[in-house]
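Asks: My structure is in my_file.cif, and what it holds is mmCIF, C-alpha atoms and all ligand atoms:
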data_start
#
loop_
_atom_site.label_atom_id
_atom_site.label_comp_id
_atom_site.auth_asym_id
_atom_site.auth_seq_id
_atom_site.Cartn_x
_atom_site.Cartn_y
_atom_site.Cartn_z
CA MET A 12 -17.37 -18.19 -8.20
CA ALA A 13 -14.51 -15.78 -8.71
CA ILE A 14 -11.95 -15.23 -5.95
CA VAL A 15 -10.53 -11.89 -4.78
CA LEU A 16 -7.56 -11.46 -2.46
CA VAL A 17 -7.42 -8.13 -0.65
CA THR A 18 -4.35 -7.18 1.37
CA GLY A 19 -5.00 -4.81 4.25
CA ALA A 20 -8.67 -5.73 4.59
CA THR A 21 -8.90 -4.84 8.28
CA SER A 22 -9.62 -1.16 7.62
CA GLY A 23 -10.27 1.56 5.06
CA PHE A 24 -10.17 0.76 1.33
CA GLY A 25 -9.35 -2.91 1.86
CA GLU A 26 -12.29 -3.52 4.17
CA ALA A 27 -14.60 -1.58 1.83
CA CYS A 28 -13.36 -3.66 -1.14
CA ALA A 29 -13.98 -6.90 0.77
CA LYS A 30 -17.55 -5.77 1.50
CA LYS A 31 -18.17 -4.61 -2.09
CA PHE A 32 -16.91 -7.80 -3.73
CA ALA A 33 -18.64 -10.01 -1.13
CA ALA A 34 -21.94 -8.23 -1.80
CA ASN A 35 -21.49 -9.14 -5.45
CA GLY A 36 -20.95 -12.84 -4.77
CA TYR A 37 -17.14 -13.12 -4.86
CA ASP A 38 -15.30 -15.44 -2.50
CA ILE A 39 -12.76 -13.39 -0.60
CA ILE A 40 -9.33 -13.84 0.93
CA ILE A 41 -8.84 -11.11 3.50
CA THR A 42 -5.44 -10.30 4.98
CA GLY A 43 -3.95 -7.98 7.58
CA ARG A 44 -2.05 -8.09 10.86
CA ARG A 45 -5.05 -7.69 13.20
CA GLN A 46 -6.56 -11.14 13.72
CA ASP A 47 -9.55 -9.85 15.75
CA ARG A 48 -10.64 -7.62 12.87
CA LEU A 49 -10.13 -10.37 10.31
CA THR A 50 -12.31 -12.74 12.35
CA ALA A 51 -15.05 -10.12 12.82
CA LEU A 52 -15.04 -9.29 9.09
CA GLN A 53 -15.09 -12.96 8.10
CA GLN A 54 -18.14 -13.55 10.32
CA GLN A 55 -19.93 -10.48 9.03
CA LEU A 56 -19.34 -11.28 5.34
CA GLN A 57 -20.33 -14.92 5.74
CA GLN A 58 -23.52 -13.98 7.63
CA GLU A 59 -24.58 -11.32 5.14
CA HIS A 60 -23.65 -13.08 1.89
CA ASN A 61 -23.63 -16.60 0.56
CA ILE A 62 -19.86 -16.65 0.01
CA ALA A 63 -16.69 -18.23 1.41
CA VAL A 64 -14.10 -16.12 3.25
CA LEU A 65 -10.51 -17.12 4.03
CA PRO A 66 -8.79 -14.86 6.60
CA LEU A 67 -4.98 -14.81 6.56
CA CYS A 68 -3.12 -12.98 9.30
CA PHE A 69 0.38 -11.90 8.27
CA ASP A 70 2.67 -8.92 7.96
CA VAL A 71 3.44 -8.13 4.30
CA ARG A 72 6.94 -6.98 5.34
CA ASP A 73 7.92 -10.51 6.33
CA GLN A 74 8.93 -12.14 3.04
CA HIS A 75 9.30 -15.64 4.49
CA THR A 76 5.87 -15.59 6.17
CA VAL A 77 4.17 -14.10 3.10
CA SER A 78 5.49 -16.94 0.99
CA GLU A 79 4.75 -19.65 3.56
CA VAL A 80 1.20 -18.52 4.40
CA LEU A 81 0.13 -17.98 0.78
CA ASN A 82 1.73 -21.15 -0.58
CA ASN A 83 -0.08 -23.18 2.09
CA ILE A 84 -3.63 -22.09 1.34
CA PRO A 85 -5.87 -24.88 -0.04
CA ASP A 86 -5.40 -25.39 -3.80
CA ASN A 87 -8.98 -24.35 -4.62
CA TRP A 88 -8.23 -20.90 -3.13
CA LYS A 89 -5.18 -20.44 -5.38
CA ALA A 90 -7.36 -19.73 -8.41
CA ILE A 91 -7.26 -16.03 -7.53
CA ASP A 92 -8.96 -13.88 -10.16
CA ILE A 93 -8.31 -10.47 -8.65
CA LEU A 94 -5.43 -9.41 -6.39
CA ILE A 95 -5.91 -6.05 -4.70
CA ASN A 96 -2.51 -4.90 -3.40
CA ASN A 97 -3.85 -2.40 -0.91
CA ALA A 98 -1.91 -2.86 2.37
CA GLY A 99 0.10 0.27 2.96
CA LEU A 100 0.67 3.27 5.13
CA ALA A 101 2.29 6.63 5.67
CA LEU A 102 4.33 7.25 8.81
CA GLY A 103 5.18 10.81 9.81
CA LEU A 104 5.34 14.06 7.88
CA SER A 105 8.64 15.93 8.14
CA SER A 106 11.64 17.17 6.25
CA ILE A 107 14.28 14.57 5.41
CA GLU A 108 16.79 15.87 7.94
CA ASP A 109 14.17 15.50 10.69
CA GLY A 110 12.88 12.17 9.37
CA ASP A 111 12.57 9.05 11.49
CA ILE A 112 14.55 6.27 9.84
CA ASP A 113 12.27 3.56 11.28
CA ASP A 114 9.33 5.34 9.63
CA TRP A 115 11.14 5.30 6.27
CA GLU A 116 11.91 1.60 6.60
CA GLY A 117 8.29 0.90 7.56
CA MET A 118 6.88 2.67 4.50
CA ILE A 119 9.39 1.24 2.03
CA ASP A 120 9.10 -2.29 3.45
CA THR A 121 5.29 -2.23 3.45
CA ASN A 122 4.30 -0.19 0.42
CA VAL A 123 7.00 -1.39 -1.98
CA LYS A 124 8.59 -4.61 -0.79
CA GLY A 125 5.39 -6.05 0.74
CA LEU A 126 3.48 -5.48 -2.49
CA LEU A 127 6.27 -7.24 -4.40
CA TYR A 128 6.41 -10.20 -1.98
CA VAL A 129 2.66 -10.85 -2.27
CA SER A 130 2.62 -10.38 -6.05
CA ARG A 131 5.58 -12.69 -6.59
CA VAL A 132 3.66 -15.59 -5.03
CA ILE A 133 0.38 -14.98 -6.82
CA MET A 134 1.53 -13.95 -10.31
CA PRO A 135 2.67 -17.46 -11.30
CA TRP A 136 -0.78 -18.84 -10.37
CA MET A 137 -2.42 -16.26 -12.62
CA LYS A 138 0.11 -16.91 -15.40
CA ALA A 139 -0.57 -20.65 -15.26
CA ARG A 140 -4.27 -19.94 -15.76
CA ARG A 141 -3.57 -17.17 -18.32
CA SER A 142 -6.12 -15.08 -16.48
CA GLY A 143 -6.30 -12.54 -13.69
CA HIS A 144 -6.28 -8.89 -12.67
CA ILE A 145 -3.87 -7.15 -10.31
CA ILE A 146 -5.00 -3.85 -8.84
CA ASN A 147 -2.34 -1.83 -7.02
CA LEU A 148 -3.12 1.06 -4.69
CA GLY A 149 -0.92 4.00 -5.59
CA SER A 150 -1.91 7.53 -4.63
CA THR A 151 -2.02 11.06 -5.96
CA ALA A 152 1.26 11.12 -3.99
CA ALA A 153 2.67 8.91 -6.76
CA LYS A 154 2.01 11.66 -9.28
CA GLN A 155 3.22 14.76 -7.41
CA VAL A 156 5.40 15.19 -4.35
CA TYR A 157 3.99 17.34 -1.54
CA ALA A 158 5.89 19.11 1.21
CA LYS A 159 7.41 16.74 3.80
CA GLY A 160 5.96 13.75 2.00
CA HIS A 161 9.18 12.63 0.27
CA VAL A 162 9.49 8.97 1.34
CA TYR A 163 5.77 8.19 1.27
CA CYS A 164 5.48 9.86 -2.16
CA ALA A 165 8.53 7.89 -3.34
CA THR A 166 6.97 4.59 -2.27
CA LYS A 167 3.81 5.40 -4.21
CA ALA A 168 5.84 6.50 -7.27
CA ALA A 169 7.47 3.06 -6.98
CA VAL A 170 4.03 1.43 -6.97
CA ASP A 171 3.24 3.40 -10.12
CA ALA A 172 6.44 2.17 -11.82
CA ILE A 173 6.00 -1.41 -10.62
CA SER A 174 2.44 -1.41 -11.95
CA GLN A 175 3.66 -0.32 -15.39
CA GLY A 176 6.30 -3.04 -15.27
CA MET A 177 3.76 -5.68 -14.25
CA ARG A 178 1.50 -4.65 -17.11
CA ILE A 179 4.34 -5.28 -19.58
CA ASP A 180 5.40 -8.57 -17.96
CA LEU A 181 1.87 -9.92 -17.84
CA LEU A 182 0.66 -8.71 -21.23
CA PRO A 183 1.46 -12.02 -23.00
CA TYR A 184 -0.64 -13.84 -20.42
CA ARG A 185 -3.67 -11.57 -20.85
CA ILE A 186 -3.54 -10.58 -17.21
CA LYS A 187 -4.77 -7.08 -16.45
CA VAL A 188 -2.90 -4.62 -14.21
CA THR A 189 -4.51 -1.45 -12.91
CA ALA A 190 -2.95 1.20 -10.70
CA VAL A 191 -5.59 3.16 -8.77
CA HIS A 192 -4.38 6.48 -7.37
CA PRO A 193 -6.78 8.04 -4.84
CA GLY A 194 -6.47 11.48 -3.34
CA ALA A 195 -7.38 12.27 0.27
CA ALA A 196 -9.82 9.72 1.68
CA GLU A 197 -10.99 9.52 5.29
CA THR A 198 -9.88 6.14 6.65
CA GLU A 199 -7.46 5.22 9.43
CA PHE A 200 -4.66 6.45 7.14
CA SER A 201 -4.00 9.77 8.94
CA ALA A 202 -4.44 8.27 12.43
CA VAL A 203 -1.69 5.80 11.47
CA ARG A 204 0.48 8.53 9.91
CA PHE A 205 0.24 10.69 13.04
CA LYS A 206 0.55 7.69 15.38
CA GLY A 207 -2.83 8.02 17.06
CA ASP A 208 -2.91 11.86 17.34
CA LYS A 209 -6.62 12.18 16.58
CA GLU A 210 -6.67 15.97 16.44
CA LYS A 211 -3.88 16.05 13.84
CA ALA A 212 -5.51 13.23 11.88
CA ASP A 213 -8.94 14.89 11.87
CA SER A 214 -7.45 18.23 10.78
CA VAL A 215 -6.35 16.65 7.46
CA TYR A 216 -10.00 16.40 6.39
CA LYS A 217 -11.20 19.84 7.60
CA GLY A 218 -12.75 22.23 5.07
CA PHE A 219 -13.59 19.76 2.33
CA GLN A 220 -15.46 16.54 1.78
CA PRO A 221 -12.86 13.83 1.23
CA LEU A 222 -13.37 10.57 -0.61
CA SER A 223 -14.81 7.73 1.46
CA ALA A 224 -13.45 4.19 1.47
CA ALA A 225 -16.64 3.12 -0.31
CA ASP A 226 -16.00 5.64 -3.13
CA VAL A 227 -12.64 4.00 -3.77
CA ALA A 228 -14.00 0.45 -3.45
CA ASP A 229 -16.76 1.25 -5.97
CA THR A 230 -14.12 2.53 -8.40
CA ILE A 231 -11.96 -0.55 -7.94
CA TYR A 232 -15.00 -2.76 -8.48
CA TYR A 233 -15.75 -0.86 -11.70
CA CYS A 234 -12.19 -1.44 -12.97
CA ALA A 235 -12.46 -5.13 -12.07
CA THR A 236 -15.74 -5.75 -13.86
CA LEU A 237 -15.13 -4.18 -17.27
CA PRO A 238 -15.43 -6.37 -20.38
CA ALA A 239 -12.61 -8.89 -20.84
CA HIS A 240 -10.92 -6.88 -23.63
CA VAL A 241 -10.84 -3.59 -21.65
CA CYS A 242 -8.12 -2.66 -19.12
CA ILE A 243 -7.79 0.58 -17.18
CA ASN A 244 -4.04 0.89 -16.68
CA ASP A 245 -3.88 4.00 -14.54
CA LEU A 246 -6.65 5.84 -12.73
CA VAL A 247 -6.49 8.98 -10.56
CA ILE A 248 -9.52 9.68 -8.37
CA THR A 249 -9.94 12.64 -6.04
CA CYS A 250 -12.82 14.35 -4.29
CA LEU A 251 -14.33 17.43 -5.91
CA GLN A 252 -12.25 19.87 -3.87
CA GLN A 253 -8.85 18.32 -4.66
CA ALA A 254 -7.05 18.87 -7.98
CA ASN A 255 -3.81 17.00 -7.30
CA ALA A 256 -1.61 15.78 -4.44
CA TYR A 257 -1.08 19.24 -2.96
CA TYR A 258 -3.75 21.54 -4.40
CA PHE A 259 -7.08 21.77 -2.55
CA ASP A 260 -9.83 24.37 -2.49
CA LYS A 261 -10.96 24.19 1.14
CA GLU A 262 -13.85 26.10 2.75
P1 LIG A 301 -5.98 2.24 6.55
O1 LIG A 301 -4.96 2.60 7.57
O2 LIG A 301 -7.41 2.45 6.88
O3 LIG A 301 -5.79 0.70 6.08
C1 LIG A 301 -4.51 0.21 5.83
C2 LIG A 301 -4.57 -1.31 5.75
O4 LIG A 301 -3.25 -1.79 5.45
C3 LIG A 301 -5.00 -1.95 7.05
O5 LIG A 301 -5.90 -3.01 6.78
C4 LIG A 301 -3.70 -2.51 7.63
O6 LIG A 301 -3.97 -3.71 8.34
C5 LIG A 301 -2.92 -2.83 6.34
N1 LIG A 301 -1.49 -2.88 6.60
C6 LIG A 301 -0.67 -1.85 6.92
N2 LIG A 301 0.57 -2.29 7.14
C7 LIG A 301 0.54 -3.64 6.95
C8 LIG A 301 1.50 -4.67 7.04
N3 LIG A 301 2.78 -4.41 7.36
N4 LIG A 301 1.13 -5.93 6.79
C9 LIG A 301 -0.14 -6.22 6.45
N5 LIG A 301 -1.12 -5.30 6.33
C10 LIG A 301 -0.77 -4.02 6.61
O7 LIG A 301 -5.58 3.06 5.25
P2 LIG A 301 -6.27 3.20 3.79
O8 LIG A 301 -7.37 2.24 3.62
O9 LIG A 301 -6.52 4.63 3.57
O10 LIG A 301 -5.02 2.81 2.88
C11 LIG A 301 -5.01 1.70 2.00
C12 LIG A 301 -4.01 1.96 0.90
O11 LIG A 301 -4.42 3.10 0.16
C13 LIG A 301 -2.59 2.25 1.37
O12 LIG A 301 -1.69 1.65 0.47
C14 LIG A 301 -2.49 3.77 1.28
O13 LIG A 301 -1.17 4.20 1.12
C15 LIG A 301 -3.34 4.03 0.08
N6 LIG A 301 -3.93 5.37 -0.07
C16 LIG A 301 -4.65 5.94 0.93
C17 LIG A 301 -5.23 7.19 0.74
C18 LIG A 301 -6.00 7.91 1.80
O14 LIG A 301 -6.11 9.15 1.74
N7 LIG A 301 -6.59 7.23 2.77
C19 LIG A 301 -5.11 7.87 -0.55
C20 LIG A 301 -4.30 7.18 -1.53
C21 LIG A 301 -3.77 5.97 -1.29
P3 LIG A 301 -3.30 -4.12 9.73
O15 LIG A 301 -3.01 -2.87 10.48
O16 LIG A 301 -4.34 -4.99 10.37
O17 LIG A 301 -2.09 -4.87 9.34
C1 LIG A 302 -2.67 9.20 0.69
C2 LIG A 302 -3.17 10.53 0.33
O1 LIG A 302 -2.51 12.96 0.13
O2 LIG A 302 -2.27 11.95 2.29
O3 LIG A 302 -1.90 8.63 -0.31
O4 LIG A 302 -0.76 11.40 0.53
S1 LIG A 302 -2.11 11.74 0.85
#
Hey, can you dump this file as structure tokens for me?
Replies:
Amino acid sequence: MAIVLVTGATSGFGEACAKKFAANGYDIIITGRRQDRLTALQQQLQQEHNIAVLPLCFDVRDQHTVSEVLNNIPDNWKAIDILINNAGLALGLSSIEDGDIDDWEGMIDTNVKGLLYVSRVIMPWMKARRSGHIINLGSTAAKQVYAKGHVYCATKAAVDAISQGMRIDLLPYRIKVTAVHPGAAETEFSAVRFKGDKEKADSVYKGFQPLSAADVADTIYYCATLPAHVCINDLVITCLQQANAYYFDKE
């Protein structure tokens, strides 16, 4: 059966993708930093579906570990058909002069460099098989910059550019690349951005019905299961009450 690797499968879109692909018979490699969540998800997916699950606990910011962990998986798991580069985060929301430099490093290292580290290991395996599909999680923040979002928006614009570059690099190998750009979706994203301030995180989703993680996973699954000759290169998805990164019509 086909194999999917999902980075950041311990929460939100990544977890929803793991569940969606598992329900459709895919074997899944799930990754993240929280081992307890990886173990719980592995058990759940294996109990509910007749599939194999390989949990890998690592931090995508650590280039050496990314390379070591991935290169040491059993050979039969290296035939990855779909790579979902989803691990990512926003940290803080402030003007540049008030910005926290550690937050900037965290976003750039995770959203840009981490995605590159993982892809660099897996792309040669796909190229050797002349087959595969890489799906990168951008954001509406890749398309427009919103107030105080500068560095996060920049990292997602980088994901957009990297996705276009990957598409060109991988074209001769018939490997698909899709950038999926969701708008506001209720996951742990805002709790992480506001460092556990639940009130602030909840307020992000007041006055409109945001996307759910399952909405995004369903869309990713659609992109991944189109006929072999069809590739969605770039896809923006928002809830009904959001037009772009900064324009909402809230109740
Ligand atoms: P969540 O916070 O719910 O999930 C983020 C996932 O990324 C977690 O599984 C987390 O796992 C993983 N992750 C974060 N940092 C690292 C790291 N250094 N190493 C390994 N894994 C890491 O957020 P979402 O599901 O909402 O976000 C998923 C992606 O979608 C992100 O790239 C985000 O920027 C993007 N996005 C989110 C939107 C939203 O409104 N929610 C909209 C548009 C895009 P762990 O903590 O266990 O390491
Ligand atoms: C996450 C969505 O609008 O908070 O990329 O930046 S937003």
Asks: Using only C-alpha atoms and all ligand atoms, can you tell me which of A:Tyr128, A:Tyr37, A:Phe200, A:Tyr184 comes closest to ligand LIG 301 (chain A)?
Replies: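 Closest residue, counting only C-alpha atoms and all ligand atoms: A:Phe200.
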Asks: What does the list of residues within 7 Å of ligand LIG 301 (chain A) look like if you count only C-alpha atoms and all ligand atoms, written as a PyMOL selection string?
Replies: chain A and resi 18-26+42-45+69-72+97-101+121-122+148-151+192-200+203+224
Asks: Any chance you could work out the axis-aligned box around ligand LIG 302 (chain A), listed atoms only, 6 Å on each side, giving centre and edge lengths in Å to one decimal, as JSON?
Replies:
{"center_x": -2.0, "center_y": 10.8, "center_z": 1.0, "size_x": 14.4, "size_y": 16.3, "size_z": 14.6}
Asks: Name the closest residue to ligand LIG 302 (chain A) among the candidates A:Arg131, A:Lys89, A:Arg204, A:His144; distances are taken between atoms, counting all atoms listed in the file.
Replies: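 Counting all atoms listed in the file, the residue closest to ligand LIG 302 (chain A) is A:Arg204.
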Asks: Which residue, A:Cys68, A:Tyr233, A:Glu79, A:Val17, has the smallest gap to A:Asn35 when you use all atoms listed in the file?
Replies: A:Tyr233
Asks: Write out as a short mmCIF file (atom, residue, chain, number, x, y, z; two decimals) with C-alpha atoms, keeping the file's coordinate frame the residues lying within 12 Å of A:Lys30, counting only C-alpha atoms and excluding same-chain residues fewer than 2 positions away.
Replies:
data_model
loop_
_atom_site.label_atom_id
_atom_site.label_comp_id
_atom_site.auth_asym_id
_atom_site.auth_seq_id
_atom_site.Cartn_x
_atom_site.Cartn_y
_atom_site.Cartn_z
CA VAL A 15 -10.53 -11.89 -4.78
CA VAL A 17 -7.42 -8.13 -0.65
CA ALA A 20 -8.67 -5.73 4.59
CA THR A 21 -8.90 -4.84 8.28
CA SER A 22 -9.62 -1.16 7.62
CA GLY A 23 -10.27 1.56 5.06
CA PHE A 24 -10.17 0.76 1.33
CA GLY A 25 -9.35 -2.91 1.86
CA GLU A 26 -12.29 -3.52 4.17
CA ALA A 27 -14.60 -1.58 1.83
CA CYS A 28 -13.36 -3.66 -1.14
CA PHE A 32 -16.91 -7.80 -3.73
CA ALA A 33 -18.64 -10.01 -1.13
CA ALA A 34 -21.94 -8.23 -1.80
CA ASN A 35 -21.49 -9.14 -5.45
CA GLY A 36 -20.95 -12.84 -4.77
CA TYR A 37 -17.14 -13.12 -4.86
CA ASP A 38 -15.30 -15.44 -2.50
CA ILE A 39 -12.76 -13.39 -0.60
CA ILE A 40 -9.33 -13.84 0.93
CA ILE A 41 -8.84 -11.11 3.50
CA LEU A 52 -15.04 -9.29 9.09
CA GLN A 53 -15.09 -12.96 8.10
CA GLN A 54 -18.14 -13.55 10.32
CA GLN A 55 -19.93 -10.48 9.03
CA LEU A 56 -19.34 -11.28 5.34
CA GLN A 57 -20.33 -14.92 5.74
CA GLN A 58 -23.52 -13.98 7.63
CA GLU A 59 -24.58 -11.32 5.14
CA HIS A 60 -23.65 -13.08 1.89
CA ILE A 62 -19.86 -16.65 0.01
CA VAL A 64 -14.10 -16.12 3.25
CA ALA A 224 -13.45 4.19 1.47
CA ALA A 225 -16.64 3.12 -0.31
CA ALA A 228 -14.00 0.45 -3.45
CA ASP A 229 -16.76 1.25 -5.97
CA TYR A 232 -15.00 -2.76 -8.48
#
Asks: Please indicate the distance in Å from atom CA of A:Ile231 to atom CA of A:Ile146, rounded to one decimal place.
Replies: 7.8 Å
Asks: Smallest atom-to-atom distance to A:Ala165: which of A:Ala202, A:Met134, A:Ala90, A:Ile119, using all atoms listed in the file?
Replies: A:Ile119
Asks: Using all atoms listed in the file, determine which residues lie at most 12 Å from A:Ser130, disregarding the query and same-chain residues fewer than 4 positions distant; provide the list as a VMD selection string.
Replies: chain A and resid 16 to 18 71 74 77 to 78 81 91 93 to 97 123 to 126 134 to 138 143 to 147 170 173 to 174 177 181 188
Asks: Keeping C-alpha atoms, export the residues of the selection given above as a CSV table (one decimal), in the coordinates of the input.
Replies:
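Output file again-v3.csv is given in full below:
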chain,number,residue,atom,x,y,z
A,16,LEU,CA,-7.6,-11.5,-2.5
A,17,VAL,CA,-7.4,-8.1,-0.6
A,18,THR,CA,-4.4,-7.2,1.4
A,71,VAL,CA,3.4,-8.1,4.3
A,74,GLN,CA,8.9,-12.1,3.0
A,77,VAL,CA,4.2,-14.1,3.1
A,78,SER,CA,5.5,-16.9,1.0
A,81,LEU,CA,0.1,-18.0,0.8
A,91,ILE,CA,-7.3,-16.0,-7.5
A,93,ILE,CA,-8.3,-10.5,-8.6
A,94,LEU,CA,-5.4,-9.4,-6.4
A,95,ILE,CA,-5.9,-6.0,-4.7
A,96,ASN,CA,-2.5,-4.9,-3.4
A,97,ASN,CA,-3.8,-2.4,-0.9
A,123,VAL,CA,7.0,-1.4,-2.0
A,124,LYS,CA,8.6,-4.6,-0.8
A,125,GLY,CA,5.4,-6.0,0.7
A,126,LEU,CA,3.5,-5.5,-2.5
A,134,MET,CA,1.5,-14.0,-10.3
A,135,PRO,CA,2.7,-17.5,-11.3
A,136,TRP,CA,-0.8,-18.8,-10.4
A,137,MET,CA,-2.4,-16.3,-12.6
A,138,LYS,CA,0.1,-16.9,-15.4
A,143,GLY,CA,-6.3,-12.5,-13.7
A,144,HIS,CA,-6.3,-8.9,-12.7
A,145,ILE,CA,-3.9,-7.2,-10.3
A,146,ILE,CA,-5.0,-3.8,-8.8
A,147,ASN,CA,-2.3,-1.8,-7.0
A,170,VAL,CA,4.0,1.4,-7.0
A,173,ILE,CA,6.0,-1.4,-10.6
A,174,SER,CA,2.4,-1.4,-12.0
A,177,MET,CA,3.8,-5.7,-14.2
A,181,LEU,CA,1.9,-9.9,-17.8
A,188,VAL,CA,-2.9,-4.6,-14.2
Asks: Have a look at A:Leu127, A:Met118, A:Cys242, A:Leu65 and name the one nearest to ligand LIG 302 (chain A); count only C-alpha atoms and all ligand atoms.
Replies: A:Met118
Asks: Find the distance between atom CA of A:Leu251 and atom CA of A:Phe219 and write it in Å to one decimal.
Replies: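 It comes out at 8.6 Å.
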Asks: For ligand LIG 302 (chain A), which residue out of A:Cys164, A:Leu237, A:Pro66, A:Val191 is the nearest one, using all atoms listed in the file?
Replies: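 Going through A:Cys164, A:Leu237, A:Pro66, A:Val191 one by one, the smallest distance to ligand LIG 302 (chain A) is for A:Cys164.
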Asks: Extract, using all atoms listed in the file, all DNA, RNA and protein residues at most 10 Å from A:Leu104, discarding same-chain residues fewer than 4 positions from it, and format them as a ChimeraX atom specification.
Replies: /A:109-111,114,158-163,204-205
Asks: Between atom CA of A:Gly207 and atom CA of A:Ile107, what is the distance in Å, rounded to a tenth?
Replies: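 Spanning atom CA of A:Gly207 to atom CA of A:Ile107 is a straight-line distance of 21.7 Å.
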Asks: Using all atoms listed in the file, collect all residues at a distance of at most 6 Å from (-13.2, -17.7, -11.8) as written in the file, then present them as a PyMOL selection string.
Replies: chain A and resi 12-13+92
Asks: Taking the block above, write stretch 239-253 of chain A with N, CA and C atoms as a short mmCIF file (atom, residue, chain, number, x, y, z; two decimals), in the first residue's frame.
Replies:
data_model
loop_
_atom_site.label_atom_id
_atom_site.label_comp_id
_atom_site.auth_asym_id
_atom_site.auth_seq_id
_atom_site.Cartn_x
_atom_site.Cartn_y
_atom_site.Cartn_z
N ALA A 239 -3.27 10.64 -12.19
CA ALA A 239 -1.80 10.75 -12.25
C ALA A 239 -1.34 11.95 -13.08
N HIS A 240 -2.11 12.35 -14.11
CA HIS A 240 -1.65 13.44 -14.98
C HIS A 240 -2.07 14.82 -14.48
N VAL A 241 -2.73 14.90 -13.32
CA VAL A 241 -3.25 16.18 -12.83
C VAL A 241 -2.50 16.59 -11.56
N CYS A 242 -2.04 17.86 -11.53
CA CYS A 242 -1.34 18.37 -10.34
C CYS A 242 -1.88 19.74 -9.96
N ILE A 243 -2.39 19.87 -8.76
CA ILE A 243 -2.72 21.21 -8.23
C ILE A 243 -1.42 21.79 -7.69
N ASN A 244 -0.99 22.91 -8.25
CA ASN A 244 0.28 23.50 -7.83
C ASN A 244 0.12 24.39 -6.61
N ASP A 245 -0.99 25.10 -6.54
CA ASP A 245 -1.16 26.13 -5.53
C ASP A 245 -2.64 26.24 -5.18
N LEU A 246 -2.97 26.11 -3.91
CA LEU A 246 -4.38 26.10 -3.54
C LEU A 246 -4.58 26.93 -2.28
N VAL A 247 -5.48 27.93 -2.37
CA VAL A 247 -5.83 28.75 -1.21
C VAL A 247 -7.20 28.32 -0.72
N ILE A 248 -7.32 28.03 0.56
CA ILE A 248 -8.62 27.62 1.11
C ILE A 248 -8.89 28.42 2.38
N THR A 249 -10.06 29.06 2.41
CA THR A 249 -10.46 29.80 3.62
C THR A 249 -11.88 29.39 3.99
N CYS A 250 -12.30 29.79 5.18
CA CYS A 250 -13.70 29.61 5.55
C CYS A 250 -14.52 30.67 4.81
N LEU A 251 -15.84 30.53 4.90
CA LEU A 251 -16.74 31.41 4.14
C LEU A 251 -16.56 32.88 4.51
N GLN A 252 -16.25 33.14 5.79
CA GLN A 252 -16.20 34.53 6.25
C GLN A 252 -14.81 35.17 6.18
N GLN A 253 -13.91 34.55 5.45
CA GLN A 253 -12.56 35.12 5.27
C GLN A 253 -12.27 35.25 3.78
#
